[in-house]
Each structure stands twice: as C-alpha cells, then as structure tokens.
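Structure file my_file_4.cif; described as mmCIF, C-alpha atoms.
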```cif
data_my_file
#
loop_
_atom_site.label_atom_id
_atom_site.label_comp_id
_atom_site.auth_asym_id
_atom_site.auth_seq_id
_atom_site.Cartn_x
_atom_site.Cartn_y
_atom_site.Cartn_z
CA MET A 1 53.07 46.00 30.50
CA THR A 2 50.34 47.45 28.32
CA ASP A 3 47.43 45.18 27.42
CA THR A 4 47.15 45.35 23.65
CA THR A 5 44.28 42.79 23.39
CA THR A 6 41.59 44.02 21.02
CA ARG A 7 38.27 44.51 22.82
CA PRO A 8 34.89 44.57 21.12
CA PRO A 9 33.34 48.02 20.87
CA ALA A 10 30.91 48.89 23.61
CA ALA A 11 27.30 48.10 22.79
CA ASP A 12 25.21 51.06 21.72
CA THR A 13 22.54 50.88 24.43
CA THR A 14 20.44 53.53 22.75
CA THR A 15 20.23 51.47 19.55
CA ILE A 16 19.44 48.30 21.49
CA ARG A 17 16.65 49.97 23.44
CA THR A 18 15.20 51.51 20.30
CA ARG A 19 15.19 48.07 18.67
CA GLU A 20 13.52 46.50 21.72
CA HIS A 21 10.82 49.16 21.71
CA GLN A 22 10.17 48.58 18.01
CA ILE A 23 9.84 44.83 18.54
CA ALA A 24 7.55 45.32 21.54
CA ARG A 25 5.38 47.75 19.58
CA ARG A 26 5.06 45.37 16.62
CA THR A 27 4.22 42.49 18.94
CA ARG A 28 1.62 44.56 20.75
CA PHE A 29 -0.19 45.59 17.60
CA ALA A 30 0.28 42.32 15.67
CA GLY A 31 -2.27 40.65 17.95
CA TRP A 32 -4.86 43.15 16.79
CA GLY A 33 -4.37 42.26 13.14
CA GLU A 34 -6.89 39.41 12.96
CA PRO A 35 -9.69 41.06 14.99
CA VAL A 36 -9.41 44.33 13.07
CA ALA A 37 -9.42 42.48 9.74
CA LEU A 38 -12.45 40.45 10.79
CA VAL A 39 -14.40 43.51 11.91
CA ALA A 40 -13.48 45.31 8.68
CA ALA A 41 -14.57 42.33 6.59
CA MET A 42 -17.85 42.16 8.52
CA VAL A 43 -18.51 45.87 7.98
CA VAL A 44 -17.89 45.45 4.23
CA LEU A 45 -20.29 42.50 4.09
CA ILE A 46 -22.96 44.41 6.01
CA VAL A 47 -22.69 47.40 3.66
CA VAL A 48 -22.79 45.24 0.52
CA PHE A 49 -25.71 43.09 1.67
CA SER A 50 -27.63 46.16 2.87
CA LEU A 51 -27.30 47.69 -0.59
CA LEU A 52 -28.38 44.45 -2.26
CA ASN A 53 -31.41 43.96 -0.01
CA PRO A 54 -32.75 46.66 2.35
CA ARG A 55 -34.29 43.93 4.54
CA PHE A 56 -30.79 42.88 5.61
CA ALA A 57 -30.24 45.99 7.76
CA THR A 58 -33.42 45.61 9.81
CA PHE A 59 -33.79 44.82 13.50
CA GLY A 60 -35.81 41.72 12.66
CA ASN A 61 -32.99 40.34 10.53
CA LEU A 62 -30.47 41.20 13.25
CA GLN A 63 -32.50 38.98 15.58
CA ASN A 64 -32.40 36.26 12.92
CA ILE A 65 -28.60 36.52 12.67
CA LEU A 66 -28.23 36.29 16.44
CA ASP A 67 -30.57 33.30 16.51
CA GLN A 68 -28.60 31.60 13.72
CA ALA A 69 -25.33 32.22 15.58
CA THR A 70 -26.53 30.50 18.77
CA VAL A 71 -25.50 26.91 17.98
CA PRO A 72 -22.10 27.68 16.39
CA LEU A 73 -21.22 30.01 19.28
CA ILE A 74 -21.86 27.28 21.84
CA VAL A 75 -19.96 24.64 19.86
CA GLY A 76 -17.23 27.18 19.06
CA VAL A 77 -16.27 27.57 22.73
CA GLY A 78 -15.54 23.85 23.05
CA ALA A 79 -13.86 23.67 19.65
CA THR A 80 -11.56 26.58 20.57
CA LEU A 81 -10.43 24.86 23.77
CA VAL A 82 -9.62 21.67 21.85
CA ILE A 83 -7.72 23.51 19.11
CA LEU A 84 -5.78 25.49 21.72
CA LEU A 85 -4.44 22.09 22.81
CA GLY A 86 -3.17 21.57 19.28
CA SER A 87 -5.86 18.91 18.71
CA ILE A 88 -9.14 18.88 16.80
CA ASP A 89 -12.65 17.61 17.52
CA LEU A 90 -14.59 16.27 14.53
CA SER A 91 -17.27 14.54 16.62
CA VAL A 92 -19.49 17.62 16.95
CA GLU A 93 -22.31 16.60 14.64
CA GLY A 94 -22.58 13.06 15.98
CA VAL A 95 -22.62 14.26 19.60
CA MET A 96 -25.26 16.85 18.74
CA GLY A 97 -27.46 14.17 17.18
CA ALA A 98 -27.14 11.75 20.12
CA SER A 99 -27.74 14.40 22.79
CA GLY A 100 -30.57 16.02 20.87
CA MET A 101 -32.40 12.72 20.42
CA ALA A 102 -31.88 11.78 24.09
CA TRP A 103 -33.28 15.14 25.16
CA ILE A 104 -36.43 15.12 23.04
CA LEU A 105 -37.32 11.52 23.95
CA LEU A 106 -37.10 12.44 27.64
CA SER A 107 -39.11 15.65 27.20
CA ALA A 108 -42.80 16.11 26.38
CA ASN A 109 -43.02 14.63 22.88
CA SER A 110 -45.50 13.03 20.49
CA ARG A 111 -44.25 9.50 21.26
CA GLY A 112 -45.16 9.85 24.91
CA GLY A 113 -42.96 7.90 27.29
CA LEU A 114 -41.05 9.64 30.07
CA ASP A 115 -41.17 13.39 30.54
CA LEU A 116 -38.29 14.13 32.90
CA GLY A 117 -38.51 17.90 32.55
CA PRO A 118 -35.19 19.54 33.56
CA TRP A 119 -33.63 16.12 34.08
CA ALA A 120 -33.89 15.52 30.33
CA TRP A 121 -31.26 18.27 29.96
CA VAL A 122 -29.02 16.58 32.50
CA VAL A 123 -29.22 13.20 30.75
CA ALA A 124 -28.61 14.73 27.31
CA LEU A 125 -25.60 16.69 28.54
CA ALA A 126 -24.31 13.52 30.22
CA VAL A 127 -24.48 11.77 26.84
CA GLY A 128 -22.30 14.53 25.36
CA ALA A 129 -19.90 14.34 28.30
CA ALA A 130 -19.61 10.55 27.96
CA LEU A 131 -18.79 10.76 24.25
CA GLY A 132 -16.24 13.51 24.96
CA TRP A 133 -14.71 11.42 27.75
CA VAL A 134 -14.34 8.42 25.42
CA SER A 135 -12.64 10.65 22.83
CA GLY A 136 -10.24 12.05 25.41
CA LEU A 137 -9.50 8.65 26.93
CA ILE A 138 -8.64 6.99 23.61
CA PHE A 139 -6.65 10.05 22.54
CA THR A 140 -4.54 10.26 25.69
CA ARG A 141 -4.23 6.62 26.77
CA LEU A 142 -4.00 4.83 23.42
CA LYS A 143 -2.14 7.70 21.68
CA VAL A 144 -4.49 7.72 18.69
CA PRO A 145 -4.50 11.07 16.82
CA SER A 146 -7.42 13.24 17.86
CA PHE A 147 -8.83 13.67 14.35
CA ILE A 148 -9.09 9.90 13.90
CA VAL A 149 -10.62 9.33 17.35
CA THR A 150 -13.18 12.09 17.05
CA LEU A 151 -14.07 11.12 13.48
CA GLY A 152 -14.92 7.67 14.84
CA ILE A 153 -16.89 9.14 17.76
CA TRP A 154 -18.81 11.27 15.25
CA TYR A 155 -20.18 8.08 13.71
CA VAL A 156 -20.68 6.46 17.11
CA GLY A 157 -22.84 9.43 18.11
CA LEU A 158 -24.67 9.30 14.81
CA GLY A 159 -25.32 5.59 15.35
CA VAL A 160 -26.66 6.21 18.86
CA ALA A 161 -28.93 8.96 17.51
CA THR A 162 -30.19 6.70 14.72
CA ILE A 163 -31.00 3.91 17.18
CA LEU A 164 -32.87 6.35 19.43
CA PHE A 165 -34.72 7.73 16.42
CA GLY A 166 -35.95 4.21 15.67
CA THR A 167 -38.55 3.31 13.08
CA SER A 168 -41.59 4.84 14.78
CA ALA A 169 -43.11 8.22 14.03
CA ILE A 170 -40.81 11.22 14.24
CA PRO A 171 -40.86 12.54 17.84
CA THR A 172 -42.03 16.15 17.96
CA LEU A 173 -42.24 18.51 20.91
CA THR A 174 -45.76 18.84 22.30
CA ASP A 175 -44.93 21.68 24.70
CA ASP A 176 -45.24 24.85 22.62
CA SER A 177 -43.44 27.01 25.18
CA LEU A 178 -40.49 24.63 25.07
CA ALA A 179 -40.48 24.43 21.28
CA THR A 180 -40.33 28.22 20.91
CA TRP A 181 -38.13 29.05 23.91
CA SER A 182 -34.89 29.49 21.97
CA SER A 183 -36.39 31.96 19.49
CA GLN A 184 -38.39 33.93 22.04
CA THR A 185 -36.84 37.26 22.95
CA ALA A 186 -35.84 38.90 26.21
CA LEU A 187 -34.68 42.52 26.08
CA GLY A 188 -34.95 42.22 22.31
CA LEU A 189 -32.48 39.32 22.10
CA PRO A 190 -33.33 35.64 21.43
CA ASN A 191 -33.17 33.42 24.53
CA GLY A 192 -30.89 30.97 22.75
CA PHE A 193 -28.42 33.73 21.95
CA LEU A 194 -28.42 34.91 25.57
CA LEU A 195 -27.64 31.34 26.60
CA ALA A 196 -24.78 31.29 24.08
CA VAL A 197 -23.45 34.58 25.49
CA GLY A 198 -23.45 33.00 28.94
CA VAL A 199 -21.47 30.04 27.61
CA VAL A 200 -18.96 32.38 25.93
CA VAL A 201 -18.49 34.40 29.13
CA LEU A 202 -17.94 31.25 31.20
CA GLY A 203 -15.50 29.96 28.57
CA VAL A 204 -13.49 33.19 28.62
CA LEU A 205 -13.36 33.20 32.43
CA LEU A 206 -12.35 29.53 32.45
CA LEU A 207 -9.56 30.09 29.94
CA ARG A 208 -8.15 33.30 31.38
CA TYR A 209 -8.56 33.04 35.12
CA THR A 210 -8.35 29.36 36.10
CA ARG A 211 -5.54 26.87 36.41
CA PHE A 212 -7.38 24.68 33.91
CA GLY A 213 -7.21 27.43 31.29
CA ARG A 214 -3.56 28.23 31.93
CA LEU A 215 -2.60 24.57 31.66
CA THR A 216 -4.58 24.21 28.43
CA LEU A 217 -2.61 27.06 26.86
CA ALA A 218 0.68 25.76 28.23
CA ILE A 219 0.10 22.27 26.84
CA GLY A 220 -0.88 23.65 23.45
CA ASP A 221 2.15 25.91 23.34
CA ASN A 222 4.70 23.22 24.19
CA GLU A 223 3.54 19.85 25.47
CA ALA A 224 7.08 18.56 26.11
CA ILE A 225 7.85 21.43 28.47
CA ALA A 226 4.47 21.02 30.14
CA ARG A 227 5.21 17.34 30.81
CA SER A 228 8.69 18.07 32.12
CA ALA A 229 7.18 20.63 34.48
CA GLY A 230 4.95 17.94 35.98
CA MET A 231 1.66 19.19 34.54
CA PRO A 232 -1.17 16.59 34.37
CA VAL A 233 -1.25 16.65 30.58
CA ALA A 234 -3.46 13.58 30.05
CA ARG A 235 -6.03 14.72 32.61
CA ILE A 236 -6.27 18.23 31.17
CA LYS A 237 -6.64 16.92 27.62
CA THR A 238 -9.39 14.51 28.67
CA ALA A 239 -11.14 17.28 30.61
CA VAL A 240 -11.05 19.57 27.56
CA PHE A 241 -12.68 16.91 25.41
CA ILE A 242 -15.35 16.37 28.07
CA VAL A 243 -16.11 20.10 28.13
CA ALA A 244 -16.30 20.11 24.33
CA GLY A 245 -18.65 17.11 24.45
CA VAL A 246 -20.95 18.81 26.97
CA LEU A 247 -21.11 21.96 24.83
CA SER A 248 -21.81 19.95 21.67
CA GLY A 249 -24.56 18.20 23.62
CA LEU A 250 -26.02 21.56 24.69
CA ALA A 251 -25.89 22.73 21.07
CA GLY A 252 -27.72 19.54 20.06
CA ILE A 253 -30.50 20.32 22.54
CA ILE A 254 -30.89 23.88 21.24
CA ALA A 255 -30.81 22.75 17.60
CA THR A 256 -33.47 20.09 18.32
CA MET A 257 -35.56 22.68 20.14
CA LYS A 258 -35.36 24.99 17.11
CA LEU A 259 -36.34 22.13 14.80
CA GLY A 260 -39.20 21.10 17.07
CA ALA A 261 -38.60 17.45 16.28
CA GLY A 262 -36.00 14.77 16.78
CA SER A 263 -33.40 14.19 14.07
CA ALA A 264 -30.24 12.12 14.07
CA THR A 265 -28.66 14.64 11.68
CA VAL A 266 -29.65 17.80 13.55
CA GLY A 267 -26.00 18.91 13.64
CA THR A 268 -25.37 18.67 9.90
CA GLY A 269 -23.26 21.59 8.64
CA THR A 270 -22.22 22.80 12.09
CA LEU A 271 -18.66 21.47 11.86
CA PHE A 272 -18.01 23.25 8.56
CA LEU A 273 -19.04 26.54 10.15
CA VAL A 274 -17.34 26.18 13.53
CA ILE A 275 -13.83 24.98 12.59
CA PRO A 276 -13.33 27.73 9.97
CA ALA A 277 -14.70 30.28 12.46
CA VAL A 278 -12.08 29.24 15.03
CA VAL A 279 -9.26 29.42 12.47
CA ILE A 280 -10.47 32.69 10.94
CA GLY A 281 -10.58 34.15 14.43
CA GLY A 282 -6.84 33.59 14.73
CA THR A 283 -6.59 30.51 16.94
CA SER A 284 -3.53 28.57 15.78
CA LEU A 285 -4.10 24.99 14.66
CA GLY A 286 -0.72 24.27 16.24
CA GLY A 287 -2.17 25.17 19.65
CA GLY A 288 -1.25 27.63 22.38
CA ARG A 289 -2.39 30.85 20.65
CA GLY A 290 -5.82 32.31 20.16
CA GLY A 291 -8.96 32.66 22.22
CA ILE A 292 -12.72 32.33 22.49
CA LEU A 293 -13.57 35.97 21.76
CA ARG A 294 -11.71 35.65 18.47
CA THR A 295 -13.89 32.66 17.62
CA VAL A 296 -16.98 34.78 18.33
CA LEU A 297 -15.86 37.21 15.62
CA GLY A 298 -15.30 34.33 13.21
CA VAL A 299 -18.78 32.90 13.90
CA PHE A 300 -20.46 36.24 13.31
CA LEU A 301 -18.53 36.82 10.08
CA LEU A 302 -19.65 33.49 8.62
CA THR A 303 -23.21 33.86 9.94
CA VAL A 304 -23.55 37.32 8.39
CA LEU A 305 -22.16 35.93 5.14
CA SER A 306 -24.65 33.05 5.07
CA ASN A 307 -27.61 35.24 5.99
CA GLY A 308 -26.67 37.90 3.44
CA LEU A 309 -26.28 35.42 0.60
CA ILE A 310 -29.73 34.02 1.26
CA LEU A 311 -31.39 37.44 1.39
CA SER A 312 -29.49 38.53 -1.72
CA GLY A 313 -31.11 35.71 -3.65
CA VAL A 314 -27.90 33.85 -4.43
CA SER A 315 -28.74 30.42 -5.77
CA PRO A 316 -28.01 27.59 -3.29
CA SER A 317 -25.85 25.96 -5.96
CA PHE A 318 -23.55 29.02 -5.91
CA GLN A 319 -23.64 29.77 -2.18
CA SER A 320 -20.99 27.17 -1.32
CA ALA A 321 -18.61 28.52 -3.96
CA VAL A 322 -19.13 32.14 -2.90
CA SER A 323 -18.78 31.24 0.80
CA GLY A 324 -15.57 29.32 0.09
CA ALA A 325 -14.03 32.18 -1.90
CA ILE A 326 -14.84 34.77 0.75
CA LEU A 327 -13.67 32.34 3.44
CA VAL A 328 -10.22 32.06 1.82
CA ALA A 329 -10.00 35.84 1.43
CA ALA A 330 -10.96 36.34 5.08
CA ILE A 331 -8.35 33.85 6.28
CA VAL A 332 -5.62 35.56 4.22
CA ALA A 333 -6.63 38.98 5.54
CA ALA A 334 -6.83 37.79 9.12
CA ALA A 335 -3.49 35.96 9.05
CA TRP A 336 -1.54 38.58 7.07
CA SER A 337 -0.14 40.38 10.09
CA GLN A 338 1.11 37.06 11.49
CA ARG A 339 2.53 35.64 8.24
CA ASN A 340 6.16 35.85 9.41
CA ARG A 341 5.44 33.95 12.62
CA LEU A 342 3.49 30.98 11.30
CA ARG A 343 4.83 27.67 12.55
CA ILE A 344 4.00 25.65 9.45
CA ALA A 345 3.47 26.54 5.80
CA LYS A 346 3.06 23.39 3.73
#
```

File written out as structure tokens:
Amino acid sequence: MTDTTTRPPAADTTTIRTREHQIARRTRFAGWGEPVALVAAMVVLIVVFSLLNPRFATFGNLQNILDQATVPLIVGVGATLVILLGSIDLSVEGVMGASGMAWILLSANSRGGLDLGPWAWVVALAVGAALGWVSGLIFTRLKVPSFIVTLGIWYVGLGVATILFGTSAIPTLTDDSLATWSSQTALGLPNGFLLAVGVVVLGVLLLRYTRFGRLTLAIGDNEAIARSAGMPVARIKTAVFIVAGVLSGLAGIIATMKLGAGSATVGTGTLFLVIPAVVIGGTSLGGGRGGILRTVLGVFLLTVLSNGLILSGVSPSFQSAVSGAILVAAIVAAAWSQRNRLRIAK
C-alpha cells in the first residue's frame, strides 16, 4: 500500500548555512560597533579642539590628559566589575574621601602624628576594602538594592572623612617627593598614569583568565542559572564590591596626593565621570556584557572632552551643558549597532 502522507519539503541546507554565516558575521562585527564609534568620536574631538587651540595637540597637554585620566581609570576598573554583575556602586566619592584622609594622616603631614610610610597605603586601602565589604554584605545578605546600599555607604565614607579631617588645620603633605610623585614622569608618562595602566592590566587579566572573572560575567548574564549551577553568587558579589572599594581607596590616595592636602570631598565629580564612561564604553547596565578596555575608551573620551573645553575657553557655566549634549550623542553612537539587542528600553 502506497504511503500518501504529505511530507514537508526537505530543508534547503545551502540557505540555512548562508543564513547562519550572515548571523555569525553580524554578531562578530556588532561587538566592534561601540569601540569604533568611541575612537571616531575621540578623533573628531581631537581635531576640533586642535583647531580651536593649538596648545591642545602638544605633548605637554597629552601628559596633562593622561594625568587627569589616572583617577577615573582606577575607579573605572572597579565600577566595571560591579556593573558587569548587573549592580551599581555609588559609594565611590565617599570611599575616596575616607581612604584619602586616612592615608594623609598616616603619612608625613603638617599635623605631625604617625608617619607609617608604606603602611599608610595599607591602612588606607583597608579602609576602602572594609567599606566595600559592608556594601557587599548588606547587598547580598539583607537583599537591599545595590544603589541604595552604596548611596548610604557614600555618606558613611564622607562622614568618616569629615571626622578624620576634624577642626584643626588642614593636613598637607610635607614630603615634596611624595606630593609630586603622581605627576612626575617616567619614560615620558606620569607615574600615576602608569599605576593606572597596571591596575587596568590586572583587571583585564582577572576578568578574562580567572574563575572569579568568569563567575562575575556568568552571574551578571543570568543570576538564576548561576545559582542553579551551584555558583557561590553571594561570595562573588561581596568580593567584587571589596575589589571596587580597594580601587576607590587607591584612587582616593592618588587624588589626595595630587591635591597635596587632605580633603573629605577629594572624590567630588569622579562618579559622574566614571559611570558614564563605563556605559559609553558598552558595558550593559543589565550585567554580563562589556569589559574593562571598553571603559578605558570611555574614560579617555570624557577626559579629552573636559580638557578640550577648558583649553577652548568655554565658560564653566556652559561646560556642563556641552558635556551633557556630547555625552548623549556619544552614547547614541556607541549603542547604535546594538539597538536591536537591548534588554530594556523604558
């Protein structure tokens, strides 16, 4: 008896393979959209600012830009790790103030007291780690949203810095070599920037080649699956916040060193620069996608913008508006190639 059942036509394997190759090619090049857009935007800014002020395109100003990028680069590594989790760290400026004040009071300063030398760095970084640990602990154990926890820790750090600042004379560094170390150059590059490069390299290695980095990306991509797979989600999250706290503390030390004096508000303005730099670089606020090198591009774009506006003589009252407008344009350009894959658009 003949089987008269209608069978579906055989799949056209050639068409399927062609389609798969097209998808693979788009996926491969889509990841380059943000970096290419950022580099293009930076080139445009450099050309425009060079035409407006010839001093912009000088080696001396390049050193200034690298020096200005030092603190946001260091903070940006920690901020990127936190955002890759799908969380956010708003405590940066408070942690910088607390660590910076702890460091200068334990170094050679005009108030006297203890001069612990290298141990002052250890204590200051421990302050940052402790504040990061508290953020991570409250976030993971008490299930409080990260932006609320870290906003509170921001003010805790600011309070600690204010108490350390006290009512006496402003503590200033009395060791000239220490006060100028960050801006001094080696191989033509500022010492502080070389330190920041070291932090970036360690951050990239940590994220790409360690279990810690792989788990961070996995948790940010899908926390439910990570938990079901038995990953230590709470421990990794807490560890990420500790790392971010240590790096904010290091940034506070460098910022205090640059200032040459103690200040509870030494980190003012850093958060506004770092978070946009991470997002502009292409790290998803939903977590799981992005990277530290992308943040580096975002930091340099915003640093070049700030430096160029100052040299171009733009009034401070207009700089915020101009920066905001260019910031929005840069975000649109950087995210354009990924617009069809965004998780949220509200």

Problem set entry | Using all atoms listed in the file: which of A:Leu38, A:Leu311, A:Leu215, A:Ile148 has the shortest distance to Arg55 (chain A) |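 Checking each of A:Leu38, A:Leu311, A:Leu215, A:Ile148 against Arg55 (chain A), counting all atoms listed in the file, the winner is A:Leu311.
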
*Who sits within 8 Å of Ala129 (chain A), all atoms listed in the file, same chain under 6 positions skipped, as a ChimeraX atom specification*: /A:242-246,249

Inset, instruction - Identify, on the basis of only C-alpha atoms, every residue whose closest approach to Leu301 (chain A) does not exceed 10 Å; exclude the query and any residue fewer than 4 positions from it along the same chain; express the result as a PyMOL selection string. - result: chain A and resi 38-43+45-46+69+277+280-281+295-297+305-306+327+330

Q: Carefully work through the PyMOL selection byres ((chain A and resi 218) around 10) for this structure and note down the residues it includes, as a PyMOL selection string.
A: chain A and resi 84-85+212-217+219-227+231+233+287-289

Please, could you write that set of residues out with C-alpha atoms as a compact mmCIF listing (two decimals), in the frame of the given file?
```
# COMPACT_ATOMS: atom_id res chain seq x y z
CA LEU A 84 -5.78 25.49 21.72
CA LEU A 85 -4.44 22.09 22.81
CA PHE A 212 -7.38 24.68 33.91
CA GLY A 213 -7.21 27.43 31.29
CA ARG A 214 -3.56 28.23 31.93
CA LEU A 215 -2.60 24.57 31.66
CA THR A 216 -4.58 24.21 28.43
CA LEU A 217 -2.61 27.06 26.86
CA ILE A 219 0.10 22.27 26.84
CA GLY A 220 -0.88 23.65 23.45
CA ASP A 221 2.15 25.91 23.34
CA ASN A 222 4.70 23.22 24.19
CA GLU A 223 3.54 19.85 25.47
CA ALA A 224 7.08 18.56 26.11
CA ILE A 225 7.85 21.43 28.47
CA ALA A 226 4.47 21.02 30.14
CA ARG A 227 5.21 17.34 30.81
CA MET A 231 1.66 19.19 34.54
CA VAL A 233 -1.25 16.65 30.58
CA GLY A 287 -2.17 25.17 19.65
CA GLY A 288 -1.25 27.63 22.38
CA ARG A 289 -2.39 30.85 20.65
```

Any chance you could work out the axis-aligned box around region 123-139 of chain A, listed atoms only, 4 Å on each side, giving centre and edge lengths in Å to one decimal, as JSON?
```
{"center_x": -17.9, "center_y": 11.8, "center_z": 26.6, "size_x": 30.6, "size_y": 17.7, "size_z": 16.2}
```

message = Please list as a VMD selection string every residue within 7 Å of region 251-264 of chain A, counting only C-alpha atoms and excluding residues in the same chain fewer than 4 positions away.
response = chain A and resid 71 74 to 75 96 to 101 103 to 104 158 161 to 162 165 170 to 173 179 182 247

| task | Can you work out the spacing between CA of Val127 (chain A) and CA of Ile163 (chain A) in Å, to one decimal? | result |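 That distance, rounded to one decimal, is 14.1 Å.
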
Q: Take the PyMOL selection byres ((chain A and resi 88) around 12), apply it to the structure above, and return the hits as a ChimeraX atom specification.
A: /A:76,78-87,89-92,135-136,139,145-151,220,237,240-241,244,271,274-276,278-279,283-287

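Distance-wise, CA of Gly298 (chain A) and CA of Leu62 (chain A) end up 16.7 Å apart.
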
So what does the PyMOL selection byres ((chain A and resi 119) around 12) actually pick up in this one, as a short mmCIF file (atom, residue, chain, number, x, y, z; two decimals) with C-alpha atoms, in the frame of the given file?
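Here's the written file part.cif:
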```cif
data_model
loop_
_atom_site.label_atom_id
_atom_site.label_comp_id
_atom_site.auth_asym_id
_atom_site.auth_seq_id
_atom_site.Cartn_x
_atom_site.Cartn_y
_atom_site.Cartn_z
CA ALA A 102 -31.88 11.78 24.09
CA TRP A 103 -33.28 15.14 25.16
CA ILE A 104 -36.43 15.12 23.04
CA LEU A 105 -37.32 11.52 23.95
CA LEU A 106 -37.10 12.44 27.64
CA SER A 107 -39.11 15.65 27.20
CA ALA A 108 -42.80 16.11 26.38
CA LEU A 114 -41.05 9.64 30.07
CA ASP A 115 -41.17 13.39 30.54
CA LEU A 116 -38.29 14.13 32.90
CA GLY A 117 -38.51 17.90 32.55
CA PRO A 118 -35.19 19.54 33.56
CA ALA A 120 -33.89 15.52 30.33
CA TRP A 121 -31.26 18.27 29.96
CA VAL A 122 -29.02 16.58 32.50
CA VAL A 123 -29.22 13.20 30.75
CA ALA A 124 -28.61 14.73 27.31
CA LEU A 125 -25.60 16.69 28.54
CA ALA A 126 -24.31 13.52 30.22
#
```

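Taking CA of Arg141 (chain A) and CA of Val77 (chain A) as endpoints, the distance between them is 24.5 Å.
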
Across A:Trp133, A:Ser317, A:Gly282, A:Val200, the smallest distance to Ile236 (chain A), with only C-alpha atoms counted, is shown by A:Trp133

query: Taking into account all atoms listed in the file, which residue in the set A:Leu137, A:Leu309, A:Ile292, A:Ile65 is nearest to Val201 (chain A)?
result: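 Checking each candidate against Val201 (chain A), we get A:Ile292 as the closest.
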
Quiz prompt | Residue with smallest distance to Pro72 (chain A) - pool A:Ala37, A:Leu178, A:Gly128, A:Glu93, counting all atoms listed in the file | solution =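 Smallest separation from Pro72 (chain A) among the options: A:Glu93.
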
Of A:Ala229, A:Arg111, A:Gly290, A:Val304, the one nearest to Gly166 (chain A) when counting all atoms listed in the file is A:Arg111

Tyr155 (chain A) proximity check over A:Val95, A:Arg211, A:Ser50, A:Leu206, using all atoms listed in the file: winner is A:Val95

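Residues with any atom within 7 Å of Val156 (chain A), counting all atoms listed in the file and excluding same-chain neighbours fewer than 4 positions away, are Gly94, Gly152 and Val160 of chain A.
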
Pop region 213-230 of chain A out of the structure in the block and write N, CA and C atoms as a tab-separated table (two decimals), in the first residue's frame.
```tsv
chain	number	residue	atom	x	y	z
A	213	GLY	N	36.62	36.02	37.46
A	213	GLY	CA	36.10	36.81	36.35
A	213	GLY	C	35.00	36.10	35.60
A	214	ARG	N	35.18	34.81	35.36
A	214	ARG	CA	34.16	34.05	34.64
A	214	ARG	C	32.85	33.98	35.43
A	215	LEU	N	32.97	33.82	36.74
A	215	LEU	CA	31.76	33.77	37.57
A	215	LEU	C	31.07	35.13	37.62
A	216	THR	N	31.86	36.20	37.63
A	216	THR	CA	31.27	37.55	37.62
A	216	THR	C	30.42	37.75	36.37
A	217	LEU	N	30.95	37.36	35.22
A	217	LEU	CA	30.20	37.50	33.97
A	217	LEU	C	28.98	36.59	33.95
A	218	ALA	N	29.13	35.39	34.47
A	218	ALA	CA	28.02	34.44	34.48
A	218	ALA	C	26.88	34.94	35.36
A	219	ILE	N	27.22	35.47	36.52
A	219	ILE	CA	26.20	35.99	37.43
A	219	ILE	C	25.49	37.19	36.82
A	220	GLY	N	26.25	38.06	36.19
A	220	GLY	CA	25.64	39.23	35.55
A	220	GLY	C	24.76	38.86	34.38
A	221	ASP	N	25.12	37.81	33.66
A	221	ASP	CA	24.36	37.40	32.50
A	221	ASP	C	23.03	36.76	32.90
A	222	ASN	N	23.07	35.87	33.90
A	222	ASN	CA	21.83	35.23	34.36
A	222	ASN	C	22.08	34.67	35.76
A	223	GLU	N	21.67	35.43	36.75
A	223	GLU	CA	21.94	35.03	38.14
A	223	GLU	C	21.19	33.77	38.52
A	224	ALA	N	19.97	33.59	38.00
A	224	ALA	CA	19.18	32.40	38.35
A	224	ALA	C	19.88	31.13	37.90
A	225	ILE	N	20.41	31.15	36.67
A	225	ILE	CA	21.13	29.98	36.17
A	225	ILE	C	22.41	29.76	36.97
A	226	ALA	N	23.08	30.86	37.31
A	226	ALA	CA	24.31	30.74	38.09
A	226	ALA	C	24.04	30.08	39.44
A	227	ARG	N	22.93	30.46	40.08
A	227	ARG	CA	22.58	29.85	41.37
A	227	ARG	C	22.24	28.37	41.20
A	228	SER	N	21.48	28.07	40.17
A	228	SER	CA	21.08	26.67	39.96
A	228	SER	C	22.28	25.79	39.63
A	229	ALA	N	23.35	26.41	39.10
A	229	ALA	CA	24.56	25.66	38.78
A	229	ALA	C	25.48	25.52	39.99
A	230	GLY	N	25.06	26.05	41.13
A	230	GLY	CA	25.84	25.92	42.35
A	230	GLY	C	26.95	26.93	42.51
```
